[in-house]
Amino acid sequence: MPGIMSEPILTEAQRRVGVVTLNRPDVLNALSLQLMDKLAGALEAFDADPEIRVIVIAGSEKVWAAGADIKDMADASPTRMHELNMFARWERIKRIRKPIIAAVSGFALGGGCELAMHCDIIIASESAKFGQPEINIGIIPGAGGTQRLTRAIGKFRAMDMVLNGRFISAREAYEFGLVSRLVPKEHFLAAALNLAHEMAQKPPIALRLAKESVLKADELALSEALEYERKLFYLLFDTEDQKEGMAAFLEKRRPEFKGK
Ligand code: DAK
């Protein structure tokens, strides 16, 4: 269909699941500024849509994303980089409140690896490869790679990847704790979508607060984070879904969550 191939992302609502597909196959889904703008906008739209409960970001079977678009940065001065304000788009993605599942197959490099780490669950195909190769082009990770990767897999493995630009296989990524579930290549998208549809049956407010609370583990000291968790825990007793969930358990039936 004319036009579709030139759209940097494609979006689709599948009942309660919002799906965003990265779509720059010629440049291995390099995350251009335009793509990042559209991605942030699409995620915000799904976040605001009451019908949508879970979001999936997918690439193709061959590639998730090979990083930020090097063409956008190659000749840039610090002032130009400041003007481009690439951080703003990433900050918008960080603020999405609904759970985001990354369906990763093929390369997840540089900004691509960082985008996966902005998601909440990473489903990886056995062919996925993760890396932070920025060192090889004279920079360091700029969208949280040195921090989120270190928190996910530990200092020494992160140093090996960031200092050497070493790619790790999906299996290694799974063993290191960077990947939630490892699935066969042929099924990676179906696995991510199935999981998203399952999660979409769960109480949406609790899903959002659970995400918010887990993310505090990286931000706060343990005692503050536990206090934070406690407040969110209490808050859920003000939802109809908590009453429904517990009533359904006691009545031995399936709960019907309304997001209220
Ligand atoms: N940018 C632009 N074009 C890219 C690209 C990229 N990151 N990666 C691949 N391409 C293009 C190639 O130039 C090539 O284009 P043509 O030559 O066909 O025109 C096409 O995609 C196919 O790539 P290859 O021919 O290289 O394919 P191979 O299978 O041989 O190699 C590869 C695959 C993934 C190993 C290789 O393409 C590669 O090394 N790509 C670059 C990987 C990389 O260095 N990634 C890190 C980029 S830096 C920030 C936020 C984020 C970032 C920075 C700041 N702020 C919030 C401030 C992130 C920075 C990065 O990600």
# chains A, B, ... in the order shown; residues from 1 in each chain; ligands from 1
>>> residues_near_ligand(ligand="ligand 1", cutoff="8 Å", atoms="only C-alpha atoms and all ligand atoms", output="PyMOL selection string")
chain A and resi 25-32+65-71+81+85-90+107+109-112+114+132-134+136-137+139-144
>>> residues_around(residues="A:Val56", least_positions_apart="5", cutoff="9 Å", atoms="only C-alpha atoms", output="ChimeraX atom specification")
/A:17-21,99-103,119,192-193,196
>>> residues_around(residues="A:Val63", least_positions_apart="4", cutoff="6 Å", atoms="only C-alpha atoms", output="list in words")
Gly59, Ser105, Gly106 and Phe107 of chain A
>>> write_last_selection(atoms="all heavy atoms", output="JSON list (two decimals), in the first residue's frame")
[["chain", "number", "residue", "atom", "x", "y", "z"],
["A", 59, "GLY", "N", 9.41, -5.02, 16.57],
["A", 59, "GLY", "CA", 10.16, -4.72, 15.35],
["A", 59, "GLY", "C", 9.76, -5.78, 14.34],
["A", 59, "GLY", "O", 8.62, -6.26, 14.34],
["A", 105, "SER", "N", 13.30, -9.29, 18.27],
["A", 105, "SER", "CA", 13.95, -10.32, 17.47],
["A", 105, "SER", "C", 15.06, -9.63, 16.69],
["A", 105, "SER", "O", 14.92, -8.46, 16.32],
["A", 105, "SER", "CB", 12.92, -10.95, 16.53],
["A", 105, "SER", "OG", 13.49, -12.04, 15.84],
["A", 106, "GLY", "N", 16.16, -10.30, 16.46],
["A", 106, "GLY", "CA", 17.27, -9.66, 15.75],
["A", 106, "GLY", "C", 17.97, -8.62, 16.62],
["A", 106, "GLY", "O", 17.92, -8.69, 17.86],
["A", 107, "PHE", "N", 18.57, -7.62, 15.96],
["A", 107, "PHE", "CA", 19.40, -6.65, 16.69],
["A", 107, "PHE", "C", 18.60, -5.71, 17.59],
["A", 107, "PHE", "O", 17.61, -5.12, 17.15],
["A", 107, "PHE", "CB", 20.18, -5.78, 15.70],
["A", 107, "PHE", "CG", 21.23, -6.53, 14.92],
["A", 107, "PHE", "CD1", 21.11, -6.69, 13.55],
["A", 107, "PHE", "CD2", 22.33, -7.07, 15.56],
["A", 107, "PHE", "CE1", 22.08, -7.37, 12.83],
["A", 107, "PHE", "CE2", 23.31, -7.75, 14.85],
["A", 107, "PHE", "CZ", 23.18, -7.91, 13.47]]
>>> residues_around(residues="A:Asp120", least_positions_apart="5", cutoff="12 Å", atoms="only C-alpha atoms", output="JSON, numbers by chain")
{"A": [54, 55, 56, 57, 93, 94, 96, 97, 98, 99, 100, 101, 102, 103, 114, 115, 148, 152, 178, 179, 180, 181, 196, 207, 208, 210, 211, 212, 213, 214, 215]}
>>> select_by_dssp(residues="stretch 4-217 of chain A", states="alpha helix (DSSP H)", output="PyMOL selection string")
chain A and resi 33-48+70-73+78-84+86-94+111-118+145-153+155-164+170-176+188-199+204-216
>>> residues_around(residues="stretch 248-259 of chain A", least_positions_apart="4", cutoff="7 Å", atoms="only C-alpha atoms", output="ChimeraX atom specification")
/A:202-205,241,244
>>> write_last_selection(atoms="C-alpha atoms", output="short mmCIF file (atom, residue, chain, number, x, y, z; two decimals), in the first residue's frame")
data_model
loop_
_atom_site.label_atom_id
_atom_site.label_comp_id
_atom_site.auth_asym_id
_atom_site.auth_seq_id
_atom_site.Cartn_x
_atom_site.Cartn_y
_atom_site.Cartn_z
CA LYS A 202 -5.95 -8.16 34.70
CA PRO A 203 -7.14 -5.15 36.69
CA PRO A 204 -5.80 -2.12 34.80
CA ILE A 205 -5.33 0.24 37.73
CA ASP A 241 -11.63 -4.06 40.76
CA GLU A 244 -14.49 -7.69 42.28
#
>>> closest_residue(among="A:Asp37, A:Glu227, A:Ala247, A:Glu240", to="A:Lys260", atoms="only C-alpha atoms")
A:Glu240
>>> select_by_dssp(residues="stretch 22-195 of chain A", states="strand (DSSP E)", output="ChimeraX atom specification")
/A:22,54-58,63-65,100-104,107-109,121-125,129-131,168-169,181-183
>>> residues_around(residues="A:Ser125", least_positions_apart="4", cutoff="7 Å", atoms="only C-alpha atoms", output="MDAnalysis selection string")
chainID A and resid 104:105 170 182:185 188
>>> atom_distance(atom1="atom CA of A:Ala206", atom2="atom CA of A:Asp47")
14.7 Å
>>> closest_residue(among="A:Leu222, A:Met199, A:Leu84, A:Ala108", to="A:Ala124", atoms="only C-alpha atoms")
A:Ala108
>>> closest_residue(among="A:Met36, A:Ile168, A:Ala225, A:Ala45", to="A:Ala13", atoms="only C-alpha atoms")
A:Ala45
>>> residues_around(residues="A:Leu10", least_positions_apart="3", cutoff="10 Å", atoms="only C-alpha atoms", output="CSV table (one decimal) with all heavy atoms, in the first residue's frame")
chain,number,residue,atom,x,y,z
A,4,ILE,N,2.6,3.4,3.3
A,4,ILE,CA,2.8,2.6,4.5
A,4,ILE,C,4.3,2.3,4.7
A,4,ILE,O,4.8,2.5,5.8
A,4,ILE,CB,2.0,1.3,4.5
A,4,ILE,CG1,0.5,1.6,4.6
A,4,ILE,CG2,2.5,0.3,5.5
A,4,ILE,CD1,-0.3,0.6,5.4
A,5,MET,N,5.0,2.0,3.6
A,5,MET,CA,6.4,1.7,3.8
A,5,MET,C,7.2,2.9,4.3
A,5,MET,O,8.2,2.7,4.9
A,5,MET,CB,7.0,1.2,2.4
A,5,MET,CG,6.6,-0.2,2.0
A,5,MET,SD,6.5,-1.3,3.4
A,5,MET,CE,8.3,-1.6,3.7
A,6,SER,N,6.7,4.1,4.0
A,6,SER,CA,7.5,5.3,4.5
A,6,SER,C,7.1,5.7,5.9
A,6,SER,O,7.7,6.6,6.4
A,6,SER,CB,7.3,6.4,3.5
A,6,SER,OG,6.0,6.7,3.3
A,7,GLU,N,6.1,5.1,6.5
A,7,GLU,CA,5.7,5.5,7.9
A,7,GLU,C,6.7,4.9,8.8
A,7,GLU,O,6.9,3.6,8.7
A,7,GLU,CB,4.3,5.0,8.2
A,7,GLU,CG,3.2,5.8,7.7
A,7,GLU,CD,3.2,7.2,8.2
A,7,GLU,OE1,3.5,7.4,9.3
A,7,GLU,OE2,2.9,8.1,7.4
A,19,VAL,N,-0.7,-1.9,19.7
A,19,VAL,CA,0.6,-2.5,19.1
A,19,VAL,C,1.3,-1.4,18.2
A,19,VAL,O,0.6,-0.8,17.4
A,19,VAL,CB,0.3,-3.7,18.2
A,19,VAL,CG1,1.6,-4.3,17.7
A,19,VAL,CG2,-0.5,-4.8,19.0
A,20,VAL,N,2.5,-1.2,18.5
A,20,VAL,CA,3.3,-0.2,17.7
A,20,VAL,C,4.4,-1.1,17.0
A,20,VAL,O,5.1,-1.8,17.7
A,20,VAL,CB,4.0,0.8,18.6
A,20,VAL,CG1,4.7,1.8,17.7
A,20,VAL,CG2,3.0,1.6,19.4
A,21,THR,N,4.5,-0.9,15.7
A,21,THR,CA,5.6,-1.7,15.0
A,21,THR,C,6.6,-0.7,14.4
A,21,THR,O,6.2,0.2,13.7
A,21,THR,CB,5.0,-2.5,13.9
A,21,THR,OG1,4.0,-3.4,14.5
A,21,THR,CG2,6.0,-3.4,13.2
A,22,LEU,N,7.9,-0.9,14.7
A,22,LEU,CA,8.9,-0.1,14.2
A,22,LEU,C,9.1,-0.4,12.7
A,22,LEU,O,9.1,-1.6,12.4
A,22,LEU,CB,10.2,-0.3,14.9
A,22,LEU,CG,10.1,-0.1,16.5
A,22,LEU,CD1,11.4,-0.5,17.1
A,22,LEU,CD2,9.7,1.3,16.9
A,23,ASN,N,9.1,0.5,11.8
A,23,ASN,CA,9.0,0.2,10.4
A,23,ASN,C,10.0,1.0,9.5
A,23,ASN,O,9.6,1.8,8.7
A,23,ASN,CB,7.5,0.5,10.0
A,23,ASN,CG,7.2,0.1,8.6
A,23,ASN,OD1,7.6,-1.0,8.2
A,23,ASN,ND2,6.6,1.0,7.8
A,38,LYS,N,7.1,10.1,16.6
A,38,LYS,CA,5.9,9.4,16.4
A,38,LYS,C,5.7,8.3,17.4
A,38,LYS,O,4.5,8.0,17.8
A,38,LYS,CB,5.9,8.8,14.9
A,38,LYS,CG,5.9,9.9,13.9
A,38,LYS,CD,5.2,9.5,12.7
A,38,LYS,CE,5.0,10.8,11.9
A,38,LYS,NZ,4.2,10.6,10.7
A,39,LEU,N,6.8,7.6,17.8
A,39,LEU,CA,6.6,6.5,18.8
A,39,LEU,C,6.1,7.1,20.1
A,39,LEU,O,5.2,6.6,20.7
A,39,LEU,CB,8.0,5.9,19.0
A,39,LEU,CG,8.1,4.8,20.1
A,39,LEU,CD1,7.2,3.6,19.7
A,39,LEU,CD2,9.5,4.3,20.2
A,42,ALA,N,2.5,7.9,19.7
A,42,ALA,CA,1.6,6.7,19.6
A,42,ALA,C,1.5,6.1,21.0
A,42,ALA,O,0.4,5.7,21.4
A,42,ALA,CB,2.2,5.7,18.7
A,58,ALA,N,6.9,-3.7,18.8
A,58,ALA,CA,7.5,-4.8,18.0
A,58,ALA,C,8.4,-4.2,16.9
A,58,ALA,O,8.2,-3.1,16.5
A,58,ALA,CB,6.4,-5.7,17.4
>>> decode(residues="stretch 7-18 of chain A", atoms="all heavy atoms", output="short mmCIF file (atom, residue, chain, number, x, y, z; two decimals), in the first residue's frame")
data_model
loop_
_atom_site.label_atom_id
_atom_site.label_comp_id
_atom_site.auth_asym_id
_atom_site.auth_seq_id
_atom_site.Cartn_x
_atom_site.Cartn_y
_atom_site.Cartn_z
N GLU A 7 6.06 5.13 6.46
CA GLU A 7 5.72 5.48 7.85
C GLU A 7 6.74 4.85 8.79
O GLU A 7 6.93 3.63 8.74
CB GLU A 7 4.32 4.95 8.21
CG GLU A 7 3.17 5.77 7.68
CD GLU A 7 3.19 7.20 8.16
OE1 GLU A 7 3.54 7.43 9.34
OE2 GLU A 7 2.89 8.08 7.36
N PRO A 8 7.38 5.63 9.64
CA PRO A 8 8.43 5.04 10.49
C PRO A 8 7.89 4.10 11.56
O PRO A 8 8.63 3.25 12.07
CB PRO A 8 9.11 6.25 11.11
CG PRO A 8 8.11 7.35 11.03
CD PRO A 8 7.27 7.09 9.82
N ILE A 9 6.62 4.27 11.91
CA ILE A 9 5.99 3.28 12.81
C ILE A 9 4.59 2.99 12.28
O ILE A 9 3.99 3.81 11.60
CB ILE A 9 5.85 3.78 14.27
CG1 ILE A 9 4.98 5.05 14.35
CG2 ILE A 9 7.20 4.01 14.93
CD1 ILE A 9 4.47 5.33 15.74
N LEU A 10 4.08 1.81 12.63
CA LEU A 10 2.70 1.46 12.31
C LEU A 10 2.01 1.21 13.64
O LEU A 10 2.63 0.68 14.58
CB LEU A 10 2.65 0.19 11.45
CG LEU A 10 3.49 0.23 10.17
CD1 LEU A 10 3.49 -1.14 9.49
CD2 LEU A 10 2.97 1.30 9.22
N THR A 11 0.74 1.57 13.74
CA THR A 11 0.04 1.32 15.01
C THR A 11 -1.26 0.59 14.73
O THR A 11 -1.87 0.74 13.66
CB THR A 11 -0.30 2.63 15.74
OG1 THR A 11 -1.14 3.42 14.91
CG2 THR A 11 0.94 3.42 16.10
N GLU A 12 -1.65 -0.19 15.70
CA GLU A 12 -2.89 -0.97 15.55
C GLU A 12 -3.44 -1.25 16.95
O GLU A 12 -2.68 -1.62 17.85
CB GLU A 12 -2.52 -2.30 14.88
CG GLU A 12 -3.69 -3.17 14.55
CD GLU A 12 -3.27 -4.61 14.20
OE1 GLU A 12 -2.07 -4.92 14.17
OE2 GLU A 12 -4.20 -5.40 13.99
N ALA A 13 -4.75 -1.08 17.11
CA ALA A 13 -5.38 -1.48 18.38
C ALA A 13 -5.98 -2.85 18.18
O ALA A 13 -6.81 -3.04 17.28
CB ALA A 13 -6.44 -0.47 18.76
N GLN A 14 -5.53 -3.83 18.95
CA GLN A 14 -6.11 -5.19 18.89
C GLN A 14 -6.91 -5.37 20.17
O GLN A 14 -6.35 -5.72 21.20
CB GLN A 14 -5.01 -6.25 18.84
CG GLN A 14 -4.22 -6.28 17.56
CD GLN A 14 -3.25 -7.47 17.54
OE1 GLN A 14 -3.24 -8.31 18.43
NE2 GLN A 14 -2.42 -7.53 16.52
N ARG A 15 -8.17 -5.05 20.12
CA ARG A 15 -9.01 -5.03 21.33
C ARG A 15 -8.35 -4.21 22.44
O ARG A 15 -8.17 -3.01 22.26
CB ARG A 15 -9.35 -6.46 21.77
CG ARG A 15 -10.14 -7.22 20.70
CD ARG A 15 -10.80 -8.48 21.23
NE ARG A 15 -9.90 -9.39 21.91
CZ ARG A 15 -9.11 -10.26 21.28
NH1 ARG A 15 -9.11 -10.31 19.97
NH2 ARG A 15 -8.33 -11.06 21.96
N ARG A 16 -7.91 -4.85 23.50
CA ARG A 16 -7.38 -4.06 24.62
C ARG A 16 -5.86 -3.86 24.54
O ARG A 16 -5.25 -3.37 25.49
CB ARG A 16 -7.71 -4.77 25.93
CG ARG A 16 -9.19 -4.74 26.24
CD ARG A 16 -9.50 -5.70 27.36
NE ARG A 16 -10.82 -5.45 27.89
CZ ARG A 16 -11.37 -6.19 28.84
NH1 ARG A 16 -10.71 -7.21 29.37
NH2 ARG A 16 -12.58 -5.89 29.28
N VAL A 17 -5.28 -4.29 23.44
CA VAL A 17 -3.82 -4.21 23.31
C VAL A 17 -3.44 -3.24 22.18
O VAL A 17 -3.92 -3.38 21.06
CB VAL A 17 -3.23 -5.62 23.02
CG1 VAL A 17 -1.73 -5.54 22.75
CG2 VAL A 17 -3.52 -6.56 24.20
N GLY A 18 -2.61 -2.28 22.51
CA GLY A 18 -2.12 -1.35 21.50
C GLY A 18 -0.78 -1.85 20.98
O GLY A 18 0.11 -2.15 21.77
#
